[in-house]
$ cat query.tsv   # TSV, N, CA and C atoms
chain	number	residue	atom	x	y	z
A	290	MET	N	54.60	47.40	-61.49
A	290	MET	CA	55.68	46.98	-60.63
A	290	MET	C	56.88	47.88	-60.88
A	291	ALA	N	57.62	48.19	-59.86
A	291	ALA	CA	58.76	49.10	-59.97
A	291	ALA	C	59.89	48.48	-60.79
A	292	GLU	N	60.61	49.34	-61.49
A	292	GLU	CA	61.75	48.87	-62.27
A	292	GLU	C	62.79	48.25	-61.33
A	293	GLY	N	63.37	47.12	-61.76
A	293	GLY	CA	64.37	46.46	-60.94
A	293	GLY	C	63.78	45.54	-59.89
A	294	SER	N	62.47	45.41	-59.87
A	294	SER	CA	61.83	44.53	-58.89
A	294	SER	C	62.26	43.09	-59.14
A	295	ALA	N	62.43	42.34	-58.06
A	295	ALA	CA	62.97	40.98	-58.16
A	295	ALA	C	61.94	39.95	-58.57
A	296	SER	N	60.67	40.26	-58.49
A	296	SER	CA	59.65	39.24	-58.73
A	296	SER	C	58.54	39.77	-59.63
A	297	THR	N	57.97	38.88	-60.42
A	297	THR	CA	56.82	39.22	-61.23
A	297	THR	C	55.78	38.13	-61.04
A	298	HIS	N	54.58	38.40	-61.48
A	298	HIS	CA	53.53	37.40	-61.37
A	298	HIS	C	53.87	36.14	-62.15
A	299	ASP	N	54.64	36.28	-63.23
A	299	ASP	CA	55.03	35.12	-64.02
A	299	ASP	C	55.94	34.17	-63.24
A	300	ASP	N	56.66	34.69	-62.25
A	300	ASP	CA	57.56	33.87	-61.45
A	300	ASP	C	56.82	33.04	-60.40
A	301	ALA	N	55.65	33.48	-59.99
A	301	ALA	CA	54.94	32.87	-58.87
A	301	ALA	C	54.73	31.36	-59.01
A	302	PRO	N	54.22	30.84	-60.14
A	302	PRO	CA	54.04	29.39	-60.22
A	302	PRO	C	55.35	28.63	-60.09
A	303	GLU	N	56.42	29.18	-60.62
A	303	GLU	CA	57.72	28.52	-60.56
A	303	GLU	C	58.20	28.44	-59.11
A	304	LEU	N	57.96	29.48	-58.33
A	304	LEU	CA	58.41	29.49	-56.94
A	304	LEU	C	57.67	28.46	-56.11
A	305	ARG	N	56.47	28.10	-56.50
A	305	ARG	CA	55.69	27.12	-55.75
A	305	ARG	C	55.93	25.69	-56.24
A	306	ALA	N	56.75	25.54	-57.23
A	306	ALA	CA	57.03	24.20	-57.77
A	306	ALA	C	57.70	23.35	-56.69
A	307	PRO	N	57.35	22.08	-56.64
A	307	PRO	CA	57.98	21.22	-55.63
A	307	PRO	C	59.48	21.06	-55.89
A	308	PRO	N	60.28	20.97	-54.81
A	308	PRO	CA	61.72	20.86	-54.98
A	308	PRO	C	62.17	19.50	-55.49
A	309	VAL	N	61.33	18.49	-55.36
A	309	VAL	CA	61.65	17.15	-55.85
A	309	VAL	C	60.85	16.95	-57.13
A	310	SER	N	61.55	16.96	-58.26
A	310	SER	CA	60.85	16.89	-59.54
A	310	SER	C	60.68	15.47	-60.06
A	311	GLY	N	61.34	14.51	-59.44
A	311	GLY	CA	61.16	13.12	-59.87
A	311	GLY	C	62.10	12.17	-59.15
A	312	THR	N	61.70	10.91	-59.17
A	312	THR	CA	62.52	9.82	-58.61
A	312	THR	C	62.39	8.64	-59.55
A	313	ARG	N	63.53	8.04	-59.87
A	313	ARG	CA	63.48	6.84	-60.71
A	313	ARG	C	64.46	5.81	-60.18
A	314	ARG	N	64.16	4.56	-60.46
A	314	ARG	CA	65.02	3.46	-60.04
A	314	ARG	C	65.60	2.78	-61.26
A	315	GLU	N	66.90	2.46	-61.17
A	315	GLU	CA	67.58	1.89	-62.33
A	315	GLU	C	68.73	0.99	-61.86
A	316	ASN	N	68.61	-0.30	-62.09
A	316	ASN	CA	69.69	-1.26	-61.78
A	316	ASN	C	70.27	-1.13	-60.38
A	317	GLY	N	69.41	-1.10	-59.38
A	317	GLY	CA	69.87	-1.01	-58.00
A	317	GLY	C	70.19	0.39	-57.53
A	318	ALA	N	70.02	1.37	-58.40
A	318	ALA	CA	70.28	2.77	-58.05
A	318	ALA	C	68.96	3.53	-57.99
A	319	VAL	N	68.96	4.58	-57.19
A	319	VAL	CA	67.83	5.50	-57.15
A	319	VAL	C	68.37	6.87	-57.57
A	320	VAL	N	67.66	7.51	-58.50
A	320	VAL	CA	68.02	8.86	-58.95
A	320	VAL	C	66.91	9.79	-58.51
A	321	VAL	N	67.28	10.78	-57.70
A	321	VAL	CA	66.32	11.79	-57.23
A	321	VAL	C	66.67	13.10	-57.92
A	322	SER	N	65.71	13.65	-58.65
A	322	SER	CA	65.92	14.91	-59.36
A	322	SER	C	65.34	16.05	-58.53
A	323	LEU	N	66.19	17.04	-58.26
A	323	LEU	CA	65.78	18.22	-57.51
A	323	LEU	C	65.72	19.40	-58.46
A	324	ALA	N	64.94	20.42	-58.07
A	324	ALA	CA	64.76	21.56	-58.98
A	324	ALA	C	64.46	22.83	-58.20
A	325	GLY	N	64.73	23.95	-58.87
A	325	GLY	CA	64.38	25.26	-58.32
A	325	GLY	C	65.35	25.74	-57.27
A	326	GLU	N	64.80	26.42	-56.28
A	326	GLU	CA	65.58	26.97	-55.19
A	326	GLU	C	65.41	26.06	-53.98
A	327	LEU	N	66.51	25.52	-53.49
A	327	LEU	CA	66.48	24.64	-52.33
A	327	LEU	C	66.95	25.44	-51.13
A	328	ASP	N	66.04	25.63	-50.18
A	328	ASP	CA	66.37	26.48	-49.05
A	328	ASP	C	65.58	26.07	-47.81
A	329	LEU	N	65.64	26.88	-46.80
A	329	LEU	CA	64.98	26.62	-45.53
A	329	LEU	C	63.50	26.29	-45.71
A	330	TYR	N	62.85	26.91	-46.66
A	330	TYR	CA	61.41	26.77	-46.83
A	330	TYR	C	60.97	25.43	-47.39
A	331	ASN	N	61.83	24.76	-48.14
A	331	ASN	CA	61.44	23.47	-48.71
A	331	ASN	C	62.42	22.35	-48.37
A	332	ALA	N	63.37	22.63	-47.48
A	332	ALA	CA	64.39	21.63	-47.12
A	332	ALA	C	63.74	20.37	-46.54
A	333	ASN	N	62.64	20.52	-45.81
A	333	ASN	CA	62.01	19.34	-45.23
A	333	ASN	C	61.44	18.42	-46.31
A	334	ASP	N	60.92	18.98	-47.39
A	334	ASP	CA	60.42	18.16	-48.50
A	334	ASP	C	61.57	17.37	-49.13
A	335	VAL	N	62.70	18.03	-49.29
A	335	VAL	CA	63.88	17.36	-49.85
A	335	VAL	C	64.35	16.27	-48.89
A	336	ARG	N	64.39	16.60	-47.59
A	336	ARG	CA	64.81	15.63	-46.57
A	336	ARG	C	63.92	14.38	-46.61
A	337	GLU	N	62.62	14.58	-46.62
A	337	GLU	CA	61.68	13.45	-46.64
A	337	GLU	C	61.91	12.56	-47.85
A	338	ALA	N	62.08	13.17	-49.01
A	338	ALA	CA	62.28	12.40	-50.24
A	338	ALA	C	63.59	11.62	-50.20
A	339	LEU	N	64.67	12.29	-49.79
A	339	LEU	CA	65.97	11.62	-49.77
A	339	LEU	C	66.01	10.52	-48.71
A	340	LEU	N	65.46	10.78	-47.53
A	340	LEU	CA	65.50	9.76	-46.48
A	340	LEU	C	64.61	8.56	-46.82
A	341	ALA	N	63.52	8.81	-47.54
A	341	ALA	CA	62.68	7.69	-48.00
A	341	ALA	C	63.48	6.81	-48.95
A	342	CYS	N	64.25	7.42	-49.82
A	342	CYS	CA	65.09	6.66	-50.76
A	342	CYS	C	66.21	5.94	-50.02
A	343	VAL	N	66.82	6.59	-49.05
A	343	VAL	CA	67.86	5.95	-48.24
A	343	VAL	C	67.28	4.72	-47.55
A	344	GLY	N	66.04	4.81	-47.10
A	344	GLY	CA	65.37	3.70	-46.44
A	344	GLY	C	65.20	2.48	-47.32
A	345	GLU	N	65.24	2.68	-48.63
A	345	GLU	CA	65.17	1.55	-49.57
A	345	GLU	C	66.50	0.81	-49.66
A	346	GLU	N	67.54	1.37	-49.05
A	346	GLU	CA	68.89	0.80	-49.06
A	346	GLU	C	69.41	0.52	-50.47
A	347	PRO	N	69.38	1.55	-51.33
A	347	PRO	CA	69.89	1.34	-52.70
A	347	PRO	C	71.40	1.16	-52.71
A	348	GLU	N	71.88	0.53	-53.75
A	348	GLU	CA	73.33	0.38	-53.95
A	348	GLU	C	73.97	1.76	-54.10
A	349	ARG	N	73.28	2.65	-54.81
A	349	ARG	CA	73.74	4.03	-54.95
A	349	ARG	C	72.53	4.94	-55.04
A	350	LEU	N	72.71	6.14	-54.53
A	350	LEU	CA	71.68	7.18	-54.57
A	350	LEU	C	72.29	8.38	-55.27
A	351	VAL	N	71.75	8.70	-56.45
A	351	VAL	CA	72.25	9.81	-57.25
A	351	VAL	C	71.28	10.98	-57.10
A	352	VAL	N	71.80	12.13	-56.72
A	352	VAL	CA	70.99	13.33	-56.61
A	352	VAL	C	71.29	14.20	-57.83
A	353	ASP	N	70.29	14.32	-58.70
A	353	ASP	CA	70.41	15.09	-59.93
A	353	ASP	C	70.12	16.56	-59.62
A	354	LEU	N	71.13	17.39	-59.75
A	354	LEU	CA	71.03	18.81	-59.42
A	354	LEU	C	70.94	19.71	-60.65
A	355	ALA	N	70.73	19.13	-61.81
A	355	ALA	CA	70.76	19.90	-63.06
A	355	ALA	C	69.77	21.07	-63.07
A	356	ASP	N	68.61	20.91	-62.46
A	356	ASP	CA	67.59	21.95	-62.49
A	356	ASP	C	67.54	22.80	-61.23
A	357	VAL	N	68.56	22.68	-60.38
A	357	VAL	CA	68.62	23.49	-59.16
A	357	VAL	C	69.28	24.82	-59.51
A	358	ARG	N	68.58	25.91	-59.19
A	358	ARG	CA	69.11	27.25	-59.47
A	358	ARG	C	69.83	27.86	-58.27
A	359	PHE	N	69.46	27.42	-57.06
A	359	PHE	CA	70.04	27.98	-55.84
A	359	PHE	C	69.95	26.92	-54.75
A	360	ILE	N	70.99	26.87	-53.90
A	360	ILE	CA	70.96	25.96	-52.76
A	360	ILE	C	71.59	26.68	-51.58
A	361	ASP	N	70.90	26.66	-50.43
A	361	ASP	CA	71.45	27.33	-49.26
A	361	ASP	C	72.03	26.32	-48.28
A	362	SER	N	72.54	26.81	-47.17
A	362	SER	CA	73.21	25.94	-46.20
A	362	SER	C	72.25	24.91	-45.58
A	363	THR	N	70.98	25.25	-45.44
A	363	THR	CA	70.03	24.29	-44.90
A	363	THR	C	69.88	23.10	-45.83
A	364	ALA	N	69.75	23.36	-47.11
A	364	ALA	CA	69.61	22.28	-48.09
A	364	ALA	C	70.91	21.48	-48.22
A	365	LEU	N	72.05	22.16	-48.12
A	365	LEU	CA	73.32	21.43	-48.13
A	365	LEU	C	73.38	20.49	-46.93
A	366	GLY	N	72.88	20.95	-45.79
A	366	GLY	CA	72.82	20.11	-44.60
A	366	GLY	C	71.97	18.88	-44.80
A	367	VAL	N	70.89	19.02	-45.56
A	367	VAL	CA	70.02	17.87	-45.87
A	367	VAL	C	70.79	16.84	-46.70
A	368	LEU	N	71.59	17.31	-47.66
A	368	LEU	CA	72.41	16.38	-48.46
A	368	LEU	C	73.39	15.63	-47.55
A	369	ILE	N	74.00	16.35	-46.63
A	369	ILE	CA	74.93	15.71	-45.69
A	369	ILE	C	74.21	14.67	-44.84
A	370	GLU	N	73.04	15.02	-44.33
A	370	GLU	CA	72.27	14.09	-43.51
A	370	GLU	C	71.92	12.83	-44.28
A	371	ALA	N	71.45	12.98	-45.51
A	371	ALA	CA	71.08	11.81	-46.31
A	371	ALA	C	72.29	10.93	-46.57
A	372	ARG	N	73.41	11.55	-46.90
A	372	ARG	CA	74.64	10.78	-47.15
A	372	ARG	C	75.07	10.02	-45.90
A	373	THR	N	74.96	10.65	-44.76
A	373	THR	CA	75.35	10.04	-43.49
A	373	THR	C	74.49	8.81	-43.18
A	374	ARG	N	73.24	8.86	-43.58
A	374	ARG	CA	72.32	7.75	-43.27
A	374	ARG	C	72.38	6.60	-44.27
A	375	LEU	N	73.03	6.81	-45.40
A	375	LEU	CA	73.16	5.75	-46.39
A	375	LEU	C	74.22	4.76	-45.90
A	376	ALA	N	73.91	3.47	-45.93
A	376	ALA	CA	74.82	2.45	-45.40
A	376	ALA	C	76.21	2.59	-46.02
A	377	ASN	N	76.28	2.69	-47.35
A	377	ASN	CA	77.57	2.90	-48.03
A	377	ASN	C	77.62	4.35	-48.47
A	378	ARG	N	78.26	5.20	-47.69
A	378	ARG	CA	78.30	6.63	-47.98
A	378	ARG	C	78.91	6.93	-49.35
A	379	LYS	N	79.76	6.06	-49.84
A	379	LYS	CA	80.36	6.27	-51.17
A	379	LYS	C	79.32	6.10	-52.27
A	380	GLY	N	78.19	5.50	-51.94
A	380	GLY	CA	77.11	5.31	-52.90
A	380	GLY	C	76.21	6.53	-53.04
A	381	PHE	N	76.51	7.60	-52.31
A	381	PHE	CA	75.74	8.85	-52.41
A	381	PHE	C	76.48	9.77	-53.36
A	382	LEU	N	75.89	10.03	-54.52
A	382	LEU	CA	76.57	10.79	-55.57
A	382	LEU	C	75.73	11.98	-56.02
A	383	LEU	N	76.40	13.08	-56.31
A	383	LEU	CA	75.73	14.26	-56.84
A	383	LEU	C	76.04	14.35	-58.32
A	384	ALA	N	75.05	14.80	-59.10
A	384	ALA	CA	75.24	14.89	-60.54
A	384	ALA	C	74.74	16.22	-61.09
A	385	GLU	N	75.45	16.72	-62.07
A	385	GLU	CA	75.09	17.89	-62.87
A	385	GLU	C	74.81	19.17	-62.09
A	386	PRO	N	75.63	19.51	-61.10
A	386	PRO	CA	75.37	20.79	-60.44
A	386	PRO	C	75.63	21.94	-61.39
A	387	GLY	N	74.72	22.90	-61.41
A	387	GLY	CA	74.92	24.10	-62.21
A	387	GLY	C	75.95	25.00	-61.55
A	388	LEU	N	76.21	26.12	-62.16
A	388	LEU	CA	77.24	27.04	-61.68
A	388	LEU	C	77.02	27.46	-60.23
A	389	GLU	N	75.82	27.91	-59.90
A	389	GLU	CA	75.55	28.38	-58.54
A	389	GLU	C	75.64	27.24	-57.52
A	390	THR	N	75.14	26.08	-57.89
A	390	THR	CA	75.19	24.94	-56.97
A	390	THR	C	76.63	24.47	-56.78
A	391	ARG	N	77.37	24.40	-57.86
A	391	ARG	CA	78.78	24.01	-57.77
A	391	ARG	C	79.55	25.01	-56.91
A	392	ARG	N	79.24	26.27	-57.08
A	392	ARG	CA	79.89	27.31	-56.30
A	392	ARG	C	79.60	27.14	-54.80
A	393	ALA	N	78.35	26.83	-54.46
A	393	ALA	CA	77.98	26.60	-53.06
A	393	ALA	C	78.73	25.40	-52.49
A	394	LEU	N	78.86	24.35	-53.29
A	394	LEU	CA	79.61	23.16	-52.85
A	394	LEU	C	81.08	23.49	-52.63
A	395	GLU	N	81.65	24.29	-53.52
A	395	GLU	CA	83.07	24.66	-53.40
A	395	GLU	C	83.31	25.59	-52.22
A	396	ILE	N	82.48	26.60	-52.06
A	396	ILE	CA	82.65	27.56	-50.97
A	396	ILE	C	82.53	26.87	-49.62
A	397	SER	N	81.60	25.92	-49.52
A	397	SER	CA	81.39	25.21	-48.25
A	397	SER	C	82.43	24.12	-48.03
A	398	GLY	N	83.18	23.78	-49.07
A	398	GLY	CA	84.17	22.71	-48.97
A	398	GLY	C	83.56	21.33	-49.16
A	399	LEU	N	82.27	21.28	-49.42
A	399	LEU	CA	81.59	19.98	-49.55
A	399	LEU	C	81.96	19.26	-50.84
A	400	ASP	N	82.48	19.99	-51.83
A	400	ASP	CA	82.89	19.33	-53.07
A	400	ASP	C	84.02	18.34	-52.82
A	401	ARG	N	84.72	18.49	-51.70
A	401	ARG	CA	85.79	17.55	-51.35
A	401	ARG	C	85.27	16.34	-50.59
A	402	HIS	N	84.03	16.40	-50.14
A	402	HIS	CA	83.44	15.30	-49.36
A	402	HIS	C	82.40	14.51	-50.13
A	403	PHE	N	81.77	15.16	-51.11
A	403	PHE	CA	80.79	14.48	-51.96
A	403	PHE	C	81.45	14.03	-53.24
A	404	SER	N	80.92	12.97	-53.82
A	404	SER	CA	81.33	12.53	-55.13
A	404	SER	C	80.45	13.28	-56.14
A	405	VAL	N	81.05	14.23	-56.87
A	405	VAL	CA	80.30	15.09	-57.78
A	405	VAL	C	80.64	14.72	-59.22
A	406	HIS	N	79.60	14.50	-60.03
A	406	HIS	CA	79.79	14.05	-61.42
A	406	HIS	C	79.10	15.01	-62.38
A	407	GLY	N	79.63	15.08	-63.60
A	407	GLY	CA	79.11	15.98	-64.62
A	407	GLY	C	77.73	15.64	-65.12
A	408	THR	N	77.41	14.34	-65.13
A	408	THR	CA	76.09	13.90	-65.61
A	408	THR	C	75.57	12.78	-64.71
A	409	VAL	N	74.29	12.54	-64.82
A	409	VAL	CA	73.68	11.42	-64.09
A	409	VAL	C	74.27	10.10	-64.58
A	410	ASP	N	74.44	9.98	-65.88
A	410	ASP	CA	75.01	8.74	-66.44
A	410	ASP	C	76.42	8.48	-65.89
A	411	GLU	N	77.22	9.53	-65.75
A	411	GLU	CA	78.55	9.36	-65.17
A	411	GLU	C	78.46	8.90	-63.71
A	412	ALA	N	77.52	9.45	-62.98
A	412	ALA	CA	77.34	9.05	-61.58
A	412	ALA	C	76.87	7.60	-61.48
A	413	LEU	N	76.00	7.20	-62.40
A	413	LEU	CA	75.51	5.81	-62.40
A	413	LEU	C	76.61	4.83	-62.76
A	414	ALA	N	77.57	5.27	-63.58
A	414	ALA	CA	78.65	4.40	-64.02
A	414	ALA	C	79.89	4.44	-63.12
A	415	ALA	N	79.95	5.39	-62.22
A	415	ALA	CA	81.13	5.59	-61.39
A	415	ALA	C	81.37	4.41	-60.45
A	416	ALA	N	82.63	4.13	-60.22
A	416	ALA	CA	82.99	3.11	-59.23
A	416	ALA	C	82.70	3.65	-57.84
A	417	ILE	N	82.13	2.79	-57.00
A	417	ILE	CA	81.86	3.22	-55.62
A	417	ILE	C	82.51	2.27	-54.63

$ encode --input "query.tsv" --output "structure tokens"
Amino acid sequence: MAEGSASTHDDAPELRAPPVSGTRRENGAVVVSLAGELDLYNANDVREALLACVGEEPERLVVDLADVRFIDSTALGVLIEARTRLANRKGFLLAEPGLETRRALEISGLDRHFSVHGTVDEALAAAI
């Protein structure tokens, strides 16, 4: 492979990893953990998972972004859609965005519209 190449065979399994790494329920809340690169190619998987959780009508829905390395405008749109469909929009919380994800939220101005928390525990404890 040429020097400076962006991809190696070792990266391939990681790129195929599902964007939704887990879902758990805790005291009326649902925590959805996302991972990897969230973009046009897997946004529908994220949408399906989040809307299924919204359909459960949880008191709060926490989206754990700790393992997300990249998020594009399509995936940000999915977060907006899920929040819009939740009966109590204040119950839609984002947790643990990494540097790149936080930067995408700030550049898009969405950090002013979403409730963003440093940890999942902080999001679970936050007043809504």

$ closest_residue --input "query.tsv" --among "A:Tyr330, A:Arg349, A:Thr363, A:Val357" --to "Gly317 in chain A" --atoms "all atoms listed in the file"
A:Arg349

$ residues_around --input "query.tsv" --residues "Val320 in chain A" --least-positions-apart "2" --cutoff "6 Å" --atoms "all atoms listed in the file" --output "PyMOL selection string"
chain A and resi 311-315+318+322+350-353

$ atom_distance --input "query.tsv" --atom1 "atom C of Ala371 in chain A" --atom2 "atom C of Gly387 in chain A"
20.9 Å

$ closest_residue --input "query.tsv" --among "A:Val319, A:Val409, A:Val335, A:Leu329" --to "Pro347 in chain A" --atoms "all atoms listed in the file"
A:Val319

$ residues_around --input "query.tsv" --residues "Leu382 in chain A" --least-positions-apart "2" --cutoff "8 Å" --atoms "only N, CA and C atoms" --output "count of residues only"
17

$ select_by_dssp --input "query.tsv" --residues "chain A" --states "helix (DSSP H, G or I)" --output "ChimeraX atom specification"
/A:298-304,332-344,362-374,378-380,388-397,399-401,409-414

$ residues_around --input "query.tsv" --residues "Thr390 in chain A" --least-positions-apart "2" --cutoff "9 Å" --atoms "only C-alpha atoms" --output "PDB file with N, CA and C atoms, in the coordinates of the input"
ATOM      1  N   LEU A 354      71.130  17.390 -59.750  1.00  0.00           N
ATOM      2  CA  LEU A 354      71.030  18.810 -59.420  1.00  0.00           C
ATOM      3  C   LEU A 354      70.940  19.710 -60.650  1.00  0.00           C
ATOM      4  N   VAL A 357      68.560  22.680 -60.380  1.00  0.00           N
ATOM      5  CA  VAL A 357      68.620  23.490 -59.160  1.00  0.00           C
ATOM      6  C   VAL A 357      69.280  24.820 -59.510  1.00  0.00           C
ATOM      7  N   ARG A 358      68.580  25.910 -59.190  1.00  0.00           N
ATOM      8  CA  ARG A 358      69.110  27.250 -59.470  1.00  0.00           C
ATOM      9  C   ARG A 358      69.830  27.860 -58.270  1.00  0.00           C
ATOM     10  N   PHE A 359      69.460  27.420 -57.060  1.00  0.00           N
ATOM     11  CA  PHE A 359      70.040  27.980 -55.840  1.00  0.00           C
ATOM     12  C   PHE A 359      69.950  26.920 -54.750  1.00  0.00           C
ATOM     13  N   ILE A 360      70.990  26.870 -53.900  1.00  0.00           N
ATOM     14  CA  ILE A 360      70.960  25.960 -52.760  1.00  0.00           C
ATOM     15  C   ILE A 360      71.590  26.680 -51.580  1.00  0.00           C
ATOM     16  N   ASP A 361      70.900  26.660 -50.430  1.00  0.00           N
ATOM     17  CA  ASP A 361      71.450  27.330 -49.260  1.00  0.00           C
ATOM     18  C   ASP A 361      72.030  26.320 -48.280  1.00  0.00           C
ATOM     19  N   PRO A 386      75.630  19.510 -61.100  1.00  0.00           N
ATOM     20  CA  PRO A 386      75.370  20.790 -60.440  1.00  0.00           C
ATOM     21  C   PRO A 386      75.630  21.940 -61.390  1.00  0.00           C
ATOM     22  N   GLY A 387      74.720  22.900 -61.410  1.00  0.00           N
ATOM     23  CA  GLY A 387      74.920  24.100 -62.210  1.00  0.00           C
ATOM     24  C   GLY A 387      75.950  25.000 -61.550  1.00  0.00           C
ATOM     25  N   LEU A 388      76.210  26.120 -62.160  1.00  0.00           N
ATOM     26  CA  LEU A 388      77.240  27.040 -61.680  1.00  0.00           C
ATOM     27  C   LEU A 388      77.020  27.460 -60.230  1.00  0.00           C
ATOM     28  N   ARG A 392      79.240  26.270 -57.080  1.00  0.00           N
ATOM     29  CA  ARG A 392      79.890  27.310 -56.300  1.00  0.00           C
ATOM     30  C   ARG A 392      79.600  27.140 -54.800  1.00  0.00           C
ATOM     31  N   ALA A 393      78.350  26.830 -54.460  1.00  0.00           N
ATOM     32  CA  ALA A 393      77.980  26.600 -53.060  1.00  0.00           C
ATOM     33  C   ALA A 393      78.730  25.400 -52.490  1.00  0.00           C
ATOM     34  N   LEU A 394      78.860  24.350 -53.290  1.00  0.00           N
ATOM     35  CA  LEU A 394      79.610  23.160 -52.850  1.00  0.00           C
ATOM     36  C   LEU A 394      81.080  23.490 -52.630  1.00  0.00           C
ATOM     37  N   GLU A 395      81.650  24.290 -53.520  1.00  0.00           N
ATOM     38  CA  GLU A 395      83.070  24.660 -53.400  1.00  0.00           C
ATOM     39  C   GLU A 395      83.310  25.590 -52.220  1.00  0.00           C
TER      40      GLU A 395
END
